[in-house]
Amino acid sequence: MASPEESKLERFLQWLKFNGIELRGCNIKLCDSDKGFGLFASDDVSDGVLLVVPLDLAITPMRVLREPIIGPACRAMFEEGEVDDRFLMILFLTMEIVQKNSTWKPYLDMLPTTFGNPLWFSDDELLELKGTSLYHATDVQKKNLHAVFDDKVKNLVKKLLALNGDTESEVCFEDFLWANSIFWSRALSIPFPRSYVFPQVQDDQENTFSSFNKNHEACVNNISSEELVDGNGVEVCGMEGQIPGMTVTSIQGETVWVEGLVPGIDFCNHDLRAAATWEVDGTGLTTGVPCSMYLLSAGQDHLKIEKEISINYGNKGNEELLYLYGFVIDDNPDDYLMVNYPLEAIQSTPFAEAKLQLLEAQAELRCLLPQSLLDHGFFPLCTPEKDGNDKSTVGGAHNYSWCGQRKMPSYLNKLVFPEDFLTALRTIAMQEEEVYQATSLLKELVSGEERQPSDIEVQAAIWEACGDSGALQLLVDRLNMKMMDLEEGSGTEDHDTELLEGTRDRQTQGEYKSCQTNELSECETMSKNRRSSIVYRRGQKQLTRLFLREAEHALQLALSEGN
């Protein structure tokens, strides 16, 4: 007798075949309880094409707007600005998971029902993130999603269900949360042929689709397309690219990038050493299926039978991976640290108004510090390659001195911190006479000209007036404060290492299998969510420690050189 998982898979395979999806060199199988279903190599295909999916089957905004029953109502909501493209797809997924006899049921049944991202953590699990940016961000986002569900989603889904003839089904918040997590963990940015998106050249239709993502008020994305900040205004992830590929709908020549879910291809799990990539075949010359997406073997060698077929979700730090996809990578080479200076703190500094005017002109109050920056600093994690092109990471602000009072710092080529952020810190740290000197230099520079100073000129004037030591002291203070928050929330970096190593030892010995207690026990240390939290927060502590060491050393040199 087939197990529930086997029966579910069999119905899905029949659904794939009915909808024209071709499994040419792969099978879909259950990986494990954490990863769910995945794709595995089955047959040796000479052209490397493993899977072909007609783009007609992709869940995209166009697909939702063209639905025969709910499409007109969705288009009206979209044109009135009540929903945007992402919200539209999340709304569609919410409706489909609730309604009876959905034509998407074989696909939806294959999708995970719970997730490893913090929005699904229990209260105890969420405490493991205390002190990190994700801790407050998750709390804020949960409240936002609850508000959107109560104010908008509940009634909209009820309206769409009624149009489909379903007046009995009830939608709950967990359905909406599920749909939100499905979209953000599985969506791709798909390069559609322009002729597919706009089969007939109609200006009003193009204007409708090119307006995607402009209604930010309606957007309920897991991480905003611009940034996500925690309750204290600390940015969690300000990078475009939360979805593999581009994250906004855009038109580039004959290609229109649109976000969507592609059944079949979305079962590929992540690996830095991806076994495959996906491509779009607009003409059918590669696959024989026009307007299709296909999975292509990435290596020169043929895939081994039963090898899992993975794709690379992109160069993402553990903060982003955990928040979007619900997993982390041990010793992630793409990990990063976010550092900011709160705007409200500037307002309490002397001459705040003059400083804010300078900040509006050019500076950033937060910066992203990828781990890779450390390779070019005072204490590189690995021996940097000497290519004879060692360039300053801080731009041209130090390359000259208007009054000849400042010399080129000896540490210039070792500073790992972005110049825009250092300029902001210099501005905040300026004393009265330094504010006056910087503004006087800029007025003198543009005297008699009808223009504003350029960013480089503002940076140079501020450095001329105050040097680096004040900014580096503020940076040291901010990093110390960040470390204090992290350690106050969950202990030291060494403590996290001990927890992870202890977990590994217990897993080897099998002790976790017999855990029966509810305290801080072997069973808890082995839970996926807890382990992911510890790996993430330990990485944040490690990066804070390493960047703090860089800042402290730069500060010592700046003080010794009169900068």
# chains A, B, ... in the order shown; residues from 1 in each chain; ligands from 1
>>> residues_around(residues="Leu145 in chain A", least_positions_apart="3", cutoff="8 Å", atoms="only C-alpha atoms", output="list in words")
Gln141, Lys142, Val148, Phe149, Leu177 and Val220 of chain A
>>> closest_residue(among="A:Leu422, A:Ala429, A:Ala461, A:Met484", to="Ala551 in chain A", atoms="only C-alpha atoms")
A:Leu422
>>> residues_around(residues="Gly326 in chain A", least_positions_apart="4", cutoff="8 Å", atoms="only C-alpha atoms", output="MDAnalysis selection string")
chainID A and resid 115:118 321:322
>>> closest_atom_pairs(of="range 271-336 of chain A", to="range 58-62 of chain A", cutoff="12 Å", atoms="only C-alpha atoms", output="JSON lines")
{"residue": "A:Cys291", "atom": "CA", "partner": "A:Ala58", "partner_atom": "CA", "distance": 11.0}
{"residue": "A:Ser292", "atom": "CA", "partner": "A:Ala58", "partner_atom": "CA", "distance": 9.6}
{"residue": "A:Met293", "atom": "CA", "partner": "A:Ala58", "partner_atom": "CA", "distance": 9.4}
>>> write_last_selection(atoms="N, CA and C atoms", output="mmCIF file, in the first residue's frame")
data_model
loop_
_atom_site.group_PDB
_atom_site.id
_atom_site.type_symbol
_atom_site.label_atom_id
_atom_site.label_comp_id
_atom_site.auth_asym_id
_atom_site.auth_seq_id
_atom_site.Cartn_x
_atom_site.Cartn_y
_atom_site.Cartn_z
ATOM 1 N N CYS A 291 8.360 29.167 -25.608
ATOM 2 C CA CYS A 291 7.947 29.849 -24.376
ATOM 3 C C CYS A 291 7.944 28.876 -23.193
ATOM 4 N N SER A 292 9.116 28.317 -22.930
ATOM 5 C CA SER A 292 9.253 27.368 -21.824
ATOM 6 C C SER A 292 10.473 27.732 -20.985
ATOM 7 N N MET A 293 10.500 27.233 -19.765
ATOM 8 C CA MET A 293 11.687 27.319 -18.924
ATOM 9 C C MET A 293 12.245 25.910 -18.789
#
>>> closest_residue(among="A:Ser42, A:Ser185, A:Gln473, A:Thr423", to="Tyr313 in chain A", atoms="only C-alpha atoms")
A:Ser185
>>> residues_around(residues="Leu119 in chain A", least_positions_apart="5", cutoff="12 Å", atoms="only C-alpha atoms", output="PyMOL selection string")
chain A and resi 114+125-126+129+134-146+174+177-178+180-181+222-223+322-326+529
>>> closest_residue(among="A:Leu88, A:Leu441, A:Leu161, A:Ile28", to="Glu10 in chain A", atoms="only C-alpha atoms")
A:Ile28
>>> residues_around(residues="Gly317 in chain A", least_positions_apart="2", cutoff="12 Å", atoms="only C-alpha atoms", output="ChimeraX atom specification")
/A:236-239,241-242,272,313-315,319-325,327-338,368-372,535-537,539-540,543
>>> write_last_selection(atoms="N, CA and C atoms", output="short mmCIF file (atom, residue, chain, number, x, y, z; two decimals), in the first residue's frame")
data_model
loop_
_atom_site.label_atom_id
_atom_site.label_comp_id
_atom_site.auth_asym_id
_atom_site.auth_seq_id
_atom_site.Cartn_x
_atom_site.Cartn_y
_atom_site.Cartn_z
N VAL A 236 17.87 45.05 8.09
CA VAL A 236 18.22 43.63 8.10
C VAL A 236 18.84 43.23 6.78
N CYS A 237 18.18 43.58 5.71
CA CYS A 237 18.70 43.19 4.40
C CYS A 237 18.31 44.23 3.39
N GLY A 238 19.24 45.06 2.99
CA GLY A 238 18.93 46.12 2.07
C GLY A 238 19.33 45.81 0.65
N MET A 239 19.64 44.57 0.35
CA MET A 239 20.12 44.23 -0.98
C MET A 239 18.96 43.84 -1.88
N GLY A 241 17.64 41.50 -4.72
CA GLY A 241 18.05 40.14 -5.07
C GLY A 241 17.64 39.13 -4.05
N GLN A 242 16.56 39.40 -3.27
CA GLN A 242 16.09 38.37 -2.36
C GLN A 242 15.57 37.16 -3.13
N LEU A 272 25.89 26.06 -3.17
CA LEU A 272 26.86 26.99 -3.75
C LEU A 272 27.52 26.41 -4.99
N TYR A 313 20.98 29.90 -5.30
CA TYR A 313 20.04 30.99 -5.08
C TYR A 313 20.71 32.36 -5.13
N GLY A 314 22.04 32.39 -5.22
CA GLY A 314 22.76 33.66 -5.25
C GLY A 314 23.68 33.80 -4.05
N ASN A 315 24.53 34.81 -4.08
CA ASN A 315 25.49 35.04 -3.00
C ASN A 315 24.79 35.75 -1.85
N GLU A 319 21.83 35.89 7.23
CA GLU A 319 20.67 36.69 7.65
C GLU A 319 19.57 36.62 6.61
N GLU A 320 19.94 36.78 5.36
CA GLU A 320 18.98 36.73 4.26
C GLU A 320 18.47 35.32 4.02
N LEU A 321 19.36 34.34 4.06
CA LEU A 321 18.96 32.95 3.84
C LEU A 321 17.96 32.49 4.90
N LEU A 322 18.23 32.84 6.15
CA LEU A 322 17.35 32.41 7.24
C LEU A 322 16.00 33.12 7.14
N TYR A 323 16.02 34.40 6.84
CA TYR A 323 14.77 35.17 6.83
C TYR A 323 13.89 34.81 5.64
N LEU A 324 14.49 34.53 4.50
CA LEU A 324 13.71 34.23 3.30
C LEU A 324 13.43 32.75 3.12
N TYR A 325 14.48 31.93 3.29
CA TYR A 325 14.39 30.53 2.90
C TYR A 325 14.34 29.56 4.08
N PHE A 327 16.96 28.53 6.07
CA PHE A 327 18.14 27.73 6.34
C PHE A 327 19.37 28.63 6.37
N VAL A 328 20.45 28.10 6.89
CA VAL A 328 21.72 28.82 6.93
C VAL A 328 22.82 27.92 6.38
N ILE A 329 23.98 28.52 6.11
CA ILE A 329 25.13 27.78 5.62
C ILE A 329 26.26 27.92 6.63
N ASP A 330 26.79 26.81 7.11
CA ASP A 330 27.94 26.87 8.02
C ASP A 330 29.12 27.53 7.30
N ASP A 331 29.80 28.43 8.02
CA ASP A 331 30.98 29.12 7.47
C ASP A 331 30.65 29.74 6.11
N ASN A 332 29.54 30.43 6.04
CA ASN A 332 29.07 31.03 4.79
C ASN A 332 30.05 32.09 4.29
N PRO A 333 30.66 31.90 3.11
CA PRO A 333 31.63 32.89 2.61
C PRO A 333 30.98 34.21 2.21
N ASP A 334 29.65 34.23 2.06
CA ASP A 334 28.95 35.44 1.65
C ASP A 334 28.26 36.13 2.82
N ASP A 335 28.62 35.77 4.03
CA ASP A 335 27.99 36.40 5.19
C ASP A 335 28.37 37.87 5.25
N TYR A 336 27.52 38.65 5.90
CA TYR A 336 27.76 40.09 6.00
C TYR A 336 27.24 40.63 7.33
N LEU A 337 27.67 41.83 7.64
CA LEU A 337 27.24 42.53 8.86
C LEU A 337 26.64 43.87 8.45
N MET A 338 25.48 44.21 9.02
CA MET A 338 24.88 45.50 8.77
C MET A 338 25.14 46.42 9.95
N LEU A 368 26.61 47.96 4.52
CA LEU A 368 26.69 46.51 4.47
C LEU A 368 28.16 46.12 4.41
N LEU A 369 28.57 45.28 5.34
CA LEU A 369 29.98 44.88 5.41
C LEU A 369 30.10 43.38 5.10
N PRO A 370 30.32 43.04 3.83
CA PRO A 370 30.54 41.63 3.50
C PRO A 370 31.82 41.10 4.13
N GLN A 371 31.80 39.85 4.50
CA GLN A 371 32.97 39.22 5.09
C GLN A 371 34.19 39.34 4.19
N SER A 372 33.98 39.34 2.87
CA SER A 372 35.10 39.39 1.92
C SER A 372 35.92 40.67 2.05
N VAL A 535 23.83 29.28 14.44
CA VAL A 535 24.81 29.48 13.36
C VAL A 535 24.78 30.93 12.89
N TYR A 536 23.58 31.47 12.70
CA TYR A 536 23.45 32.86 12.23
C TYR A 536 24.01 33.85 13.24
N ARG A 537 23.60 33.72 14.52
CA ARG A 537 24.04 34.73 15.50
C ARG A 537 25.52 34.61 15.79
N GLY A 539 27.76 33.83 13.58
CA GLY A 539 28.39 34.53 12.47
C GLY A 539 28.35 36.03 12.64
N GLN A 540 27.24 36.54 13.19
CA GLN A 540 27.14 37.99 13.43
C GLN A 540 28.13 38.44 14.50
N LEU A 543 31.71 38.36 12.89
CA LEU A 543 31.95 39.49 12.00
C LEU A 543 32.05 40.80 12.79
#
>>> atom_distance(atom1="CA of Asp420 in chain A", atom2="CA of Leu475 in chain A")
13.1 Å
>>> residues_around(residues="Met89 in chain A", least_positions_apart="5", cutoff="10 Å", atoms="only C-alpha atoms", output="list of chain:residue names")
A:Ile59, A:Thr60, A:Pro61, A:Met62, A:Arg63, A:Val64, A:Leu65, A:Val83, A:Asp84, A:Thr94, A:Met95, A:Ala179, A:Asn180, A:Phe183, A:Glu259, A:Gly260, A:Leu261
>>> closest_residue(among="A:Asn480, A:Asn340, A:Thr283, A:Asn563", to="Pro193 in chain A", atoms="only C-alpha atoms")
A:Thr283
